[in-house]
$ cat run-v3.cif   # mmCIF, C-alpha atoms
data_start
loop_
_atom_site.label_atom_id
_atom_site.label_comp_id
_atom_site.auth_asym_id
_atom_site.auth_seq_id
_atom_site.Cartn_x
_atom_site.Cartn_y
_atom_site.Cartn_z
CA MET A 1 17.93 33.70 15.90
CA LYS A 2 16.25 31.58 18.57
CA ASN A 3 15.23 34.62 20.58
CA ALA A 4 13.87 36.43 17.55
CA PHE A 5 11.53 33.59 16.66
CA LEU A 6 10.37 32.66 20.15
CA PRO A 7 7.62 35.30 20.51
CA MET A 8 6.25 34.40 17.08
CA ILE A 9 6.13 30.74 18.01
CA ALA A 10 4.43 31.62 21.30
CA VAL A 11 1.71 33.53 19.45
CA MET A 12 1.23 30.64 17.02
CA VAL A 13 0.96 28.14 19.84
CA ALA A 14 -1.50 30.34 21.73
CA ALA A 15 -3.64 30.74 18.62
CA ALA A 16 -3.69 26.99 18.12
CA VAL A 17 -5.01 26.29 21.62
CA PRO A 18 -8.66 25.24 21.42
CA ALA A 19 -11.19 27.52 23.10
CA PHE A 20 -12.21 24.98 25.72
CA SER A 21 -8.80 24.07 27.05
CA GLN A 22 -8.01 24.67 30.70
CA THR A 23 -6.50 28.08 31.33
CA GLN A 24 -3.67 26.35 33.15
CA GLN A 25 -2.46 25.02 29.81
CA ALA A 26 -3.41 27.84 27.51
CA PRO A 27 -1.55 31.15 27.75
CA ASN A 28 1.88 30.27 26.49
CA ASP A 29 2.21 33.90 25.52
CA ALA A 30 1.68 34.99 29.14
CA LYS A 31 5.35 34.33 29.86
CA ALA A 32 6.32 36.88 27.24
CA ALA A 33 3.94 39.53 28.58
CA LYS A 34 5.53 41.92 31.06
CA HIS A 35 2.23 42.67 32.76
CA LYS A 36 -0.16 39.96 33.85
CA VAL A 37 -3.45 40.90 35.45
CA VAL A 38 -6.20 38.63 36.76
CA PHE A 39 -9.64 40.06 37.53
CA GLN A 40 -12.22 38.52 39.86
CA LEU A 41 -15.86 38.84 38.85
CA ASN A 42 -18.22 37.25 41.33
CA ALA A 43 -20.61 40.19 41.65
CA PRO A 44 -24.22 39.94 40.48
CA LYS A 45 -25.44 42.13 37.64
CA PRO A 46 -24.96 45.07 37.33
CA SER A 47 -22.21 45.61 39.94
CA GLY A 48 -19.11 46.43 37.94
CA TRP A 49 -20.23 44.46 34.90
CA ASP A 50 -19.83 47.34 32.47
CA GLN A 51 -16.82 48.70 34.32
CA ILE A 52 -14.79 45.54 33.92
CA PHE A 53 -14.67 46.00 30.15
CA HIS A 54 -13.33 49.52 30.60
CA ASN A 55 -10.81 48.20 33.12
CA VAL A 56 -9.55 45.52 30.77
CA GLU A 57 -9.40 47.88 27.78
CA ASN A 58 -7.45 50.45 29.77
CA VAL A 59 -4.97 47.88 30.98
CA GLN A 60 -4.52 46.50 27.46
CA LYS A 61 -4.08 49.96 25.96
CA ILE A 62 -1.74 51.38 28.58
CA PHE A 63 0.55 48.35 28.78
CA ALA A 64 0.37 47.41 25.08
CA ALA A 65 3.98 48.30 24.38
CA ASP A 66 5.31 46.06 27.18
CA GLY A 67 2.92 43.20 26.48
CA VAL A 68 0.04 42.38 28.76
CA GLN A 69 -1.97 39.26 29.50
CA VAL A 70 -5.41 39.58 31.07
CA GLU A 71 -7.71 36.95 32.54
CA ILE A 72 -11.15 37.41 34.06
CA VAL A 73 -12.28 34.70 36.46
CA PHE A 74 -16.05 34.37 36.71
CA PHE A 75 -17.64 32.66 39.68
CA GLY A 76 -20.66 32.96 41.95
CA GLN A 77 -23.25 35.30 40.50
CA GLY A 78 -20.58 36.67 38.16
CA LEU A 79 -20.74 33.43 36.16
CA THR A 80 -24.16 34.38 34.82
CA MET A 81 -22.46 36.94 32.56
CA LEU A 82 -21.13 34.00 30.53
CA LEU A 83 -24.49 32.37 29.85
CA LYS A 84 -25.35 32.31 26.15
CA LYS A 85 -28.82 33.61 26.90
CA ASN A 86 -27.21 36.74 28.35
CA ASP A 87 -26.90 38.33 24.91
CA GLU A 88 -26.53 41.82 26.37
CA TYR A 89 -22.85 41.10 27.04
CA ALA A 90 -22.15 38.66 24.21
CA GLU A 91 -20.52 41.15 21.88
CA ARG A 92 -18.25 42.80 24.43
CA LEU A 93 -17.15 39.44 25.85
CA LYS A 94 -16.43 38.08 22.37
CA GLU A 95 -14.44 41.19 21.55
CA ALA A 96 -12.38 40.81 24.73
CA ALA A 97 -11.75 37.12 24.00
CA ASP A 98 -10.72 38.00 20.44
CA LYS A 99 -8.19 40.42 21.89
CA GLY A 100 -6.64 37.65 23.96
CA VAL A 101 -8.44 38.08 27.27
CA ILE A 102 -8.91 34.71 28.96
CA ILE A 103 -12.56 34.30 29.94
CA ALA A 104 -12.52 31.68 32.69
CA ALA A 105 -15.64 30.04 34.10
CA CYS A 106 -15.55 28.33 37.51
CA GLN A 107 -16.62 24.68 37.25
CA ASN A 108 -17.64 24.58 40.91
CA THR A 109 -20.11 27.39 40.28
CA MET A 110 -21.25 25.66 37.08
CA ARG A 111 -22.10 22.53 39.04
CA ALA A 112 -23.85 24.49 41.79
CA MET A 113 -25.93 26.38 39.21
CA LYS A 114 -26.46 23.33 36.97
CA VAL A 115 -24.79 25.15 34.10
CA THR A 116 -23.20 23.04 31.37
CA THR A 117 -20.52 23.84 28.82
CA ALA A 118 -23.27 24.11 26.20
CA ASP A 119 -24.88 26.92 28.20
CA LEU A 120 -21.75 29.07 28.05
CA PHE A 121 -20.41 31.27 25.29
CA PRO A 122 -18.05 29.13 23.17
CA PHE A 123 -15.05 31.36 23.86
CA ALA A 124 -15.23 30.70 27.62
CA THR A 125 -12.51 28.51 29.08
CA GLN A 126 -13.07 26.61 32.31
CA VAL A 127 -11.15 26.32 35.56
CA ASP A 128 -11.74 23.80 38.34
CA SER A 129 -12.33 26.54 40.91
CA GLY A 130 -12.44 30.30 40.43
CA VAL A 131 -10.81 31.03 43.76
CA ALA A 132 -8.11 28.39 43.28
CA GLU A 133 -7.41 29.95 39.88
CA LEU A 134 -6.97 33.37 41.53
CA VAL A 135 -4.57 31.79 44.01
CA ARG A 136 -2.54 30.05 41.29
CA LYS A 137 -2.29 33.15 39.15
CA GLN A 138 -1.19 35.34 42.07
CA GLU A 139 1.38 32.73 43.08
CA ALA A 140 2.64 32.87 39.48
CA GLY A 141 3.16 36.63 39.78
CA TRP A 142 -0.05 37.95 38.29
CA VAL A 143 -1.48 41.17 39.69
CA TYR A 144 -4.94 40.71 41.24
CA ILE A 145 -7.82 43.14 40.87
CA LYS A 146 -11.27 42.61 42.39
CA GLY A 147 -13.95 43.61 39.87
CA GLY A 148 -17.42 44.62 40.97
CA GLU A 149 -18.22 47.51 43.23
CA MET B 150 24.53 59.24 61.04
CA LYS B 151 23.27 58.79 57.51
CA ASN B 152 20.51 56.45 58.62
CA ALA B 153 19.40 58.77 61.39
CA PHE B 154 18.84 61.69 59.02
CA LEU B 155 17.28 59.79 56.10
CA PRO B 156 13.70 59.67 57.42
CA MET B 157 13.80 63.39 58.23
CA ILE B 158 14.96 64.18 54.71
CA ALA B 159 12.24 61.95 53.28
CA VAL B 160 9.58 63.87 55.18
CA MET B 161 11.00 67.20 53.98
CA VAL B 162 11.04 66.02 50.38
CA ALA B 163 7.48 64.72 50.65
CA ALA B 164 6.29 68.03 52.10
CA ALA B 165 7.86 69.89 49.18
CA VAL B 166 5.98 67.88 46.54
CA PRO B 167 3.21 70.03 45.02
CA ALA B 168 -0.34 68.82 45.48
CA PHE B 169 -1.11 68.40 41.79
CA SER B 170 1.87 66.35 40.71
CA GLN B 171 1.25 62.95 39.16
CA THR B 172 1.41 60.13 41.65
CA GLN B 173 4.00 58.47 39.45
CA GLN B 174 6.37 61.30 40.25
CA ALA B 175 5.27 62.23 43.73
CA PRO B 176 6.00 59.89 46.59
CA ASN B 177 9.73 60.14 47.00
CA ASP B 178 9.23 59.02 50.57
CA ALA B 179 7.52 55.82 49.47
CA LYS B 180 10.91 54.19 48.96
CA ALA B 181 11.80 54.91 52.57
CA ALA B 182 8.48 53.60 53.90
CA LYS B 183 8.61 49.95 54.90
CA HIS B 184 4.91 49.46 54.30
CA LYS B 185 3.17 50.62 51.13
CA VAL B 186 -0.56 50.10 50.75
CA VAL B 187 -2.82 50.99 47.83
CA PHE B 188 -6.59 51.00 48.29
CA GLN B 189 -9.16 50.69 45.50
CA LEU B 190 -12.34 52.72 45.85
CA ASN B 191 -14.74 52.21 42.97
CA ALA B 192 -17.86 51.59 45.06
CA PRO B 193 -20.80 54.00 44.99
CA LYS B 194 -21.76 55.84 48.16
CA PRO B 195 -22.08 54.68 50.89
CA SER B 196 -20.38 51.27 50.39
CA GLY B 197 -17.22 51.43 52.46
CA TRP B 198 -16.89 55.21 52.14
CA ASP B 199 -16.68 55.83 55.87
CA GLN B 200 -14.78 52.62 56.47
CA ILE B 201 -11.91 53.56 54.20
CA PHE B 202 -10.92 56.43 56.48
CA HIS B 203 -10.79 54.06 59.44
CA ASN B 204 -8.76 51.61 57.35
CA VAL B 205 -6.24 54.24 56.34
CA GLU B 206 -5.95 55.65 59.88
CA ASN B 207 -5.41 52.19 61.33
CA VAL B 208 -2.72 51.37 58.81
CA GLN B 209 -0.98 54.70 59.42
CA LYS B 210 -1.14 54.30 63.20
CA ILE B 211 -0.07 50.68 63.39
CA PHE B 212 2.82 50.97 60.96
CA ALA B 213 3.91 54.48 61.97
CA ALA B 214 7.18 53.34 63.52
CA ASP B 215 8.27 51.49 60.36
CA GLY B 216 7.08 54.15 57.95
CA VAL B 217 4.02 53.70 55.79
CA GLN B 218 2.85 55.17 52.48
CA VAL B 219 -0.83 55.00 51.57
CA GLU B 220 -2.62 55.75 48.30
CA ILE B 221 -6.33 55.57 47.54
CA VAL B 222 -7.26 55.15 43.89
CA PHE B 223 -10.72 56.47 43.05
CA PHE B 224 -12.49 55.33 39.90
CA GLY B 225 -15.97 54.44 38.68
CA GLN B 226 -18.62 55.60 41.12
CA GLY B 227 -15.92 55.97 43.77
CA LEU B 228 -14.63 59.04 41.96
CA THR B 229 -17.69 61.01 43.04
CA MET B 230 -16.24 61.17 46.56
CA LEU B 231 -13.65 63.61 45.20
CA LEU B 232 -16.12 66.10 43.73
CA LYS B 233 -15.92 69.50 45.44
CA LYS B 234 -19.68 69.58 45.76
CA ASN B 235 -19.45 66.47 47.91
CA ASP B 236 -18.69 68.51 51.03
CA GLU B 237 -19.71 65.69 53.36
CA TYR B 238 -16.29 64.09 52.84
CA ALA B 239 -14.22 67.21 52.23
CA GLU B 240 -12.79 67.48 55.72
CA ARG B 241 -11.82 63.83 56.13
CA LEU B 242 -10.26 63.68 52.67
CA LYS B 243 -8.29 66.87 53.31
CA GLU B 244 -7.10 65.49 56.62
CA ALA B 245 -5.92 62.28 54.96
CA ALA B 246 -4.13 64.22 52.21
CA ASP B 247 -2.47 66.41 54.85
CA LYS B 248 -1.19 63.25 56.54
CA GLY B 249 0.46 62.15 53.30
CA VAL B 250 -2.21 59.89 51.81
CA ILE B 251 -2.16 60.10 48.01
CA ILE B 252 -5.67 60.81 46.75
CA ALA B 253 -5.64 59.64 43.13
CA ALA B 254 -8.44 60.34 40.65
CA CYS B 255 -8.79 58.21 37.48
CA GLN B 256 -8.69 60.37 34.35
CA ASN B 257 -10.58 57.75 32.34
CA THR B 258 -13.47 57.99 34.77
CA MET B 259 -13.18 61.79 34.74
CA ARG B 260 -13.61 61.83 30.97
CA ALA B 261 -16.51 59.36 31.08
CA MET B 262 -18.27 61.45 33.75
CA LYS B 263 -17.30 64.80 32.19
CA VAL B 264 -15.51 65.77 35.38
CA THR B 265 -12.71 68.34 35.10
CA THR B 266 -9.80 69.10 37.38
CA ALA B 267 -11.71 72.17 38.57
CA ASP B 268 -14.53 69.92 39.80
CA LEU B 269 -12.20 67.97 42.10
CA PHE B 270 -10.84 68.82 45.53
CA PRO B 271 -7.51 70.63 45.02
CA PHE B 272 -5.54 68.01 46.95
CA ALA B 273 -6.53 65.24 44.50
CA THR B 274 -3.78 63.98 42.21
CA GLN B 275 -4.63 62.33 38.89
CA VAL B 276 -3.64 59.05 37.26
CA ASP B 277 -4.22 58.05 33.64
CA SER B 278 -6.21 54.96 34.65
CA GLY B 279 -7.24 53.81 38.11
CA VAL B 280 -6.81 50.15 37.27
CA ALA B 281 -3.46 50.67 35.56
CA GLU B 282 -2.32 52.55 38.68
CA LEU B 283 -3.34 49.58 40.84
CA VAL B 284 -1.33 47.32 38.53
CA ARG B 285 1.75 49.57 38.65
CA LYS B 286 1.69 49.91 42.39
CA GLN B 287 1.31 46.16 42.96
CA GLU B 288 4.14 45.51 40.52
CA ALA B 289 6.23 47.95 42.57
CA GLY B 290 5.57 45.90 45.70
CA TRP B 291 2.65 47.77 47.21
CA VAL B 292 0.05 45.76 49.12
CA TYR B 293 -3.42 45.94 47.55
CA ILE B 294 -6.66 46.26 49.49
CA LYS B 295 -10.10 46.50 47.88
CA GLY B 296 -12.18 49.14 49.66
CA GLY B 297 -15.96 49.08 49.58
CA GLU B 298 -18.08 46.27 50.87
CA MET C 299 13.97 11.23 59.93
CA LYS C 300 13.84 14.89 60.90
CA ASN C 301 11.85 15.80 57.81
CA ALA C 302 9.38 12.99 58.31
CA PHE C 303 8.46 14.16 61.81
CA LEU C 304 8.37 17.93 61.19
CA PRO C 305 4.84 18.11 59.72
CA MET C 306 3.50 16.01 62.57
CA ILE C 307 5.12 18.29 65.14
CA ALA C 308 3.74 21.33 63.34
CA VAL C 309 0.23 19.93 63.56
CA MET C 310 0.68 19.17 67.26
CA VAL C 311 1.97 22.66 67.99
CA ALA C 312 -0.89 24.24 66.04
CA ALA C 313 -3.41 22.11 67.92
CA ALA C 314 -1.92 23.23 71.23
CA VAL C 315 -2.27 26.94 70.46
CA PRO C 316 -5.14 28.39 72.51
CA ALA C 317 -8.14 29.65 70.57
CA PHE C 318 -7.76 33.27 71.64
CA SER C 319 -4.12 33.81 70.77
CA GLN C 320 -3.19 36.49 68.26
CA THR C 321 -2.98 35.16 64.71
CA GLN C 322 0.53 36.61 64.51
CA GLN C 323 1.69 34.00 66.98
CA ALA C 324 -0.53 31.12 66.07
CA PRO C 325 -0.06 29.36 62.74
CA ASN C 326 3.25 27.61 63.16
CA ASP C 327 2.09 25.23 60.50
CA ALA C 328 1.68 28.09 57.99
CA LYS C 329 5.38 27.96 57.20
CA ALA C 330 5.03 24.35 56.14
CA ALA C 331 2.00 25.05 53.94
CA LYS C 332 2.89 25.74 50.32
CA HIS C 333 -0.25 27.81 49.74
CA LYS C 334 -1.33 30.58 52.10
CA VAL C 335 -4.52 32.48 51.41
CA VAL C 336 -6.07 35.33 53.36
CA PHE C 337 -9.68 36.34 52.72
CA GLN C 338 -11.22 39.72 53.53
CA LEU C 339 -14.81 39.73 54.73
CA ASN C 340 -16.13 43.20 55.45
CA ALA C 341 -19.38 42.89 53.50
CA PRO C 342 -22.75 42.99 55.26
CA LYS C 343 -25.01 39.95 55.16
CA PRO C 344 -25.70 38.30 52.77
CA SER C 345 -23.04 39.54 50.29
CA GLY C 346 -20.70 36.62 49.78
CA TRP C 347 -21.37 35.16 53.22
CA ASP C 348 -22.35 31.72 51.94
CA GLN C 349 -19.86 31.89 49.09
CA ILE C 350 -16.86 32.33 51.35
CA PHE C 351 -17.36 28.86 52.80
CA HIS C 352 -17.38 27.36 49.32
CA ASN C 353 -14.26 29.39 48.49
CA VAL C 354 -12.40 28.16 51.54
CA GLU C 355 -13.47 24.55 51.05
CA ASN C 356 -12.39 24.61 47.41
CA VAL C 357 -9.01 26.06 48.26
CA GLN C 358 -8.49 23.50 51.02
CA LYS C 359 -9.55 20.61 48.81
CA ILE C 360 -7.60 21.59 45.70
CA PHE C 361 -4.35 22.42 47.49
CA ALA C 362 -4.59 19.70 50.14
CA ALA C 363 -1.67 17.70 48.79
CA ASP C 364 0.69 20.70 48.89
CA GLY C 365 -0.52 21.99 52.24
CA VAL C 366 -2.62 25.11 52.55
CA GLN C 367 -3.23 27.63 55.31
CA VAL C 368 -6.33 29.82 55.19
CA GLU C 369 -7.32 32.85 57.25
CA ILE C 370 -10.50 34.91 57.04
CA VAL C 371 -10.27 38.45 58.39
CA PHE C 372 -13.60 39.85 59.54
CA PHE C 373 -14.09 43.59 59.92
CA GLY C 374 -16.74 46.25 59.34
CA GLN C 375 -20.15 44.71 58.82
CA GLY C 376 -18.46 41.39 58.14
CA LEU C 377 -17.65 41.09 61.84
CA THR C 378 -21.30 40.48 62.63
CA MET C 379 -20.94 36.97 61.19
CA LEU C 380 -18.86 36.11 64.25
CA LEU C 381 -21.45 37.17 66.86
CA LYS C 382 -22.64 34.23 68.97
CA LYS C 383 -26.23 35.30 68.45
CA ASN C 384 -25.72 34.76 64.71
CA ASP C 385 -26.43 31.04 65.03
CA GLU C 386 -27.22 30.69 61.32
CA TYR C 387 -23.48 30.56 60.59
CA ALA C 388 -22.26 28.96 63.83
CA GLU C 389 -21.93 25.45 62.49
CA ARG C 390 -20.16 26.31 59.27
CA LEU C 391 -17.74 28.66 61.03
CA LYS C 392 -16.97 26.06 63.68
CA GLU C 393 -16.38 23.46 61.00
CA ALA C 394 -13.98 25.78 59.20
CA ALA C 395 -12.11 26.55 62.42
CA ASP C 396 -11.92 22.84 63.20
CA LYS C 397 -10.31 22.31 59.80
CA GLY C 398 -7.61 24.86 60.64
CA VAL C 399 -9.04 28.03 59.12
CA ILE C 400 -8.03 31.06 61.20
CA ILE C 401 -11.14 33.09 62.01
CA ALA C 402 -9.82 36.57 62.82
CA ALA C 403 -11.94 39.35 64.31
CA CYS C 404 -10.84 42.99 64.00
CA GLN C 405 -10.51 44.63 67.43
CA ASN C 406 -11.00 48.10 65.97
CA THR C 407 -14.38 47.04 64.63
CA MET C 408 -15.17 45.34 67.94
CA ARG C 409 -14.57 48.61 69.80
CA ALA C 410 -16.59 50.62 67.28
CA MET C 411 -19.50 48.17 67.54
CA LYS C 412 -19.11 47.68 71.32
CA VAL C 413 -18.58 43.98 70.79
CA THR C 414 -16.65 42.10 73.47
CA THR C 415 -14.76 38.82 73.35
CA ALA C 416 -17.69 37.21 75.17
CA ASP C 417 -20.00 38.18 72.28
CA LEU C 418 -17.92 36.26 69.74
CA PHE C 419 -17.80 32.58 68.92
CA PRO C 420 -15.09 31.02 71.11
CA PHE C 421 -13.07 29.81 68.12
CA ALA C 422 -12.56 33.37 66.85
CA THR C 423 -9.07 34.80 67.21
CA GLN C 424 -8.51 38.55 67.34
CA VAL C 425 -6.24 40.94 65.45
CA ASP C 426 -5.56 44.58 66.32
CA SER C 427 -6.81 45.77 62.92
CA GLY C 428 -8.36 43.80 60.09
CA VAL C 429 -6.71 45.88 57.41
CA ALA C 430 -3.32 45.84 59.11
CA GLU C 431 -3.63 42.06 59.32
CA LEU C 432 -4.30 41.90 55.56
CA VAL C 433 -1.21 44.03 55.00
CA ARG C 434 0.98 41.87 57.24
CA LYS C 435 -0.17 38.64 55.67
CA GLN C 436 0.37 39.91 52.12
CA GLU C 437 3.82 41.16 53.09
CA ALA C 438 4.51 37.67 54.42
CA GLY C 439 3.65 36.18 51.03
CA TRP C 440 0.03 35.22 51.53
CA VAL C 441 -2.32 35.46 48.55
CA TYR C 442 -5.15 37.95 49.10
CA ILE C 443 -8.75 37.41 48.05
CA LYS C 444 -11.56 39.88 48.64
CA GLY C 445 -14.68 38.06 49.78
CA GLY C 446 -18.14 39.53 49.32
CA GLU C 447 -19.67 40.44 46.03
#

$ encode --input "run-v3.cif" --output "structure tokens"
Amino acid sequence: MKNAFLPMIAVMVAAAVPAFSQTQQAPNDAKAAKHKVVFQLNAPKPSGWDQIFHNVENVQKIFAADGVQVEIVFFGQGLTMLLKKNDEYAERLKEAADKGVIIAACQNTMRAMKVTTADLFPFATQVDSGVAELVRKQEAGWVYIKGGE
Amino acid sequence: MKNAFLPMIAVMVAAAVPAFSQTQQAPNDAKAAKHKVVFQLNAPKPSGWDQIFHNVENVQKIFAADGVQVEIVFFGQGLTMLLKKNDEYAERLKEAADKGVIIAACQNTMRAMKVTTADLFPFATQVDSGVAELVRKQEAGWVYIKGGE
Amino acid sequence: MKNAFLPMIAVMVAAAVPAFSQTQQAPNDAKAAKHKVVFQLNAPKPSGWDQIFHNVENVQKIFAADGVQVEIVFFGQGLTMLLKKNDEYAERLKEAADKGVIIAACQNTMRAMKVTTADLFPFATQVDSGVAELVRKQEAGWVYIKGGE
């Protein structure tokens, strides 16, 4: 019985996590996912910006049966994709977030660019450092893919 | 005795694998190779296009004694390197394929670019998704290197 | 007692290693570090050249308590950052090296660009092949990050 309910509880817990929580705390369902993939996006527009959505969709589709958890870490010029004023990507980012993709903004880049939480799409989570996040995730067994061309 | 003959058998098996087989099925010698390296090439020409041949040759030369298996996954703008009409790279790609490098074309990119198997060099293999292939290979213990600059 | 002195000895040994030694031999303190991160820099100026210093500093700061070892592998156009005549980056590179970051120049690129040891900053170490070095480090459990945009 315990095993049968665990995934359901994990999903409920994940759904209950507020949008602004640190990614370190959030994906309780990541443990259940067989495939875990973290993407780096630090490239300026348009290098790989459209492609990353295809990449994420393909990964989600192909590994759907096994369970898959995806995170995109935005830093450097890549962070600008998450600015509210960047409405060209708003819909696709929202759609990805709705499908469980963790959209992680680097707080170091935010400070350097004088970007505040209010400037970012509300579904963006924040991490202390984009690169440190990539290190942590890889150390935790996530597969790493560099987005951008 | 068994150990002495194993590498020879691996080479024979690899040579017998037809050029168009899926990479998932192909590299029977990959298990014998101590080093396994998968390169990502999604950059448009000329970013890293010449460099990747040097990279692959260096890896093959330096790890030759231990055994090494190399795959290059082409997707996005990188796929255009594999188009038959791109004769500038034909010889070097053929040479790499002849030396056992798996040349993998992303079928998602092929569809998006309306590229057919007939448009590609005959030594190119195909994978359902370039990114999914990079995930699978890393999960199977392959080292990942992002080509392009 | 033994455990208390080991880190101190490791630091002393690392400090005693001459600047030109191969990175394979050098970082005796890497085993003690909980986090090991290797960066690839093969991008031409200015792609990610400033960013990589921020990346390294963030990683060093965030993982300081656990111990962290960082190496940057320079090859292709990235190698030109290490040329003595490139005084724009001299100070930041020296500072990184002084803080224990391994600055590794690819000898294959050096030959291709007719760059000699005398042309490089004195704190640069050398590796036979930048890509082979990235392979070795990943095989040894280092986390890999692609620098550049």

$ atom_distance --input "run-v3.cif" --atom1 "atom CA of Cys106 of chain A" --atom2 "atom CA of Ile443 of chain C"
15.5 Å

$ closest_atom_pairs --input "run-v3.cif" --of "chain A" --to "chain B" --cutoff "7 Å" --atoms "all atoms listed in the file" --output "JSON lines"
{"residue": "A:Asn55", "atom": "CA", "partner": "B:Val280", "partner_atom": "CA", "distance": 6.1}
{"residue": "A:Asn58", "atom": "CA", "partner": "B:Ser278", "partner_atom": "CA", "distance": 6.8}
{"residue": "A:Val59", "atom": "CA", "partner": "B:Ala281", "partner_atom": "CA", "distance": 5.6}
{"residue": "A:Val143", "atom": "CA", "partner": "B:Val284", "partner_atom": "CA", "distance": 6.3}
{"residue": "A:Lys146", "atom": "CA", "partner": "B:Lys295", "partner_atom": "CA", "distance": 6.8}
{"residue": "A:Glu149", "atom": "CA", "partner": "B:Ala192", "partner_atom": "CA", "distance": 4.5}

$ write_last_selection --input "run-v3.cif" --atoms "C-alpha atoms" --output "PDB file, in the frame of the given file"
ATOM      1  CA  ASN A  55     -10.810  48.200  33.120  1.00  0.00           C
ATOM      2  CA  ASN A  58      -7.450  50.450  29.770  1.00  0.00           C
ATOM      3  CA  VAL A  59      -4.970  47.880  30.980  1.00  0.00           C
ATOM      4  CA  VAL A 143      -1.480  41.170  39.690  1.00  0.00           C
ATOM      5  CA  LYS A 146     -11.270  42.610  42.390  1.00  0.00           C
ATOM      6  CA  GLU A 149     -18.220  47.510  43.230  1.00  0.00           C
TER       7      GLU A 149
END

$ closest_residue --input "run-v3.cif" --among "C:Glu369, C:Phe351, C:Gln405, C:Phe419" --to "Asp385 of chain C" --atoms "all atoms listed in the file"
C:Phe419

$ atom_distance --input "run-v3.cif" --atom1 "atom CA of Ala105 of chain A" --atom2 "atom CA of Leu83 of chain A"
10.1 Å

$ atom_distance --input "run-v3.cif" --atom1 "atom CA of Val368 of chain C" --atom2 "atom CA of Ala388 of chain C"
18.1 Å

$ closest_residue --input "run-v3.cif" --among "A:Lys85, A:Ile52, A:His35, A:Lys45" --to "Gly67 of chain A" --atoms "only C-alpha atoms"
A:His35

$ resolve_selection --input "run-v3.cif" --expression "the PyMOL selection byres ((chain B and resi 253) around 7)" --output "ChimeraX atom specification"
/B:221-223,251-252,254-255,273-276

$ write_last_selection --input "run-v3.cif" --atoms "C-alpha atoms" --output "short mmCIF file (atom, residue, chain, number, x, y, z; two decimals), keeping the file's coordinate frame"
data_model
loop_
_atom_site.label_atom_id
_atom_site.label_comp_id
_atom_site.auth_asym_id
_atom_site.auth_seq_id
_atom_site.Cartn_x
_atom_site.Cartn_y
_atom_site.Cartn_z
CA ILE B 221 -6.33 55.57 47.54
CA VAL B 222 -7.26 55.15 43.89
CA PHE B 223 -10.72 56.47 43.05
CA ILE B 251 -2.16 60.10 48.01
CA ILE B 252 -5.67 60.81 46.75
CA ALA B 254 -8.44 60.34 40.65
CA CYS B 255 -8.79 58.21 37.48
CA ALA B 273 -6.53 65.24 44.50
CA THR B 274 -3.78 63.98 42.21
CA GLN B 275 -4.63 62.33 38.89
CA VAL B 276 -3.64 59.05 37.26
#
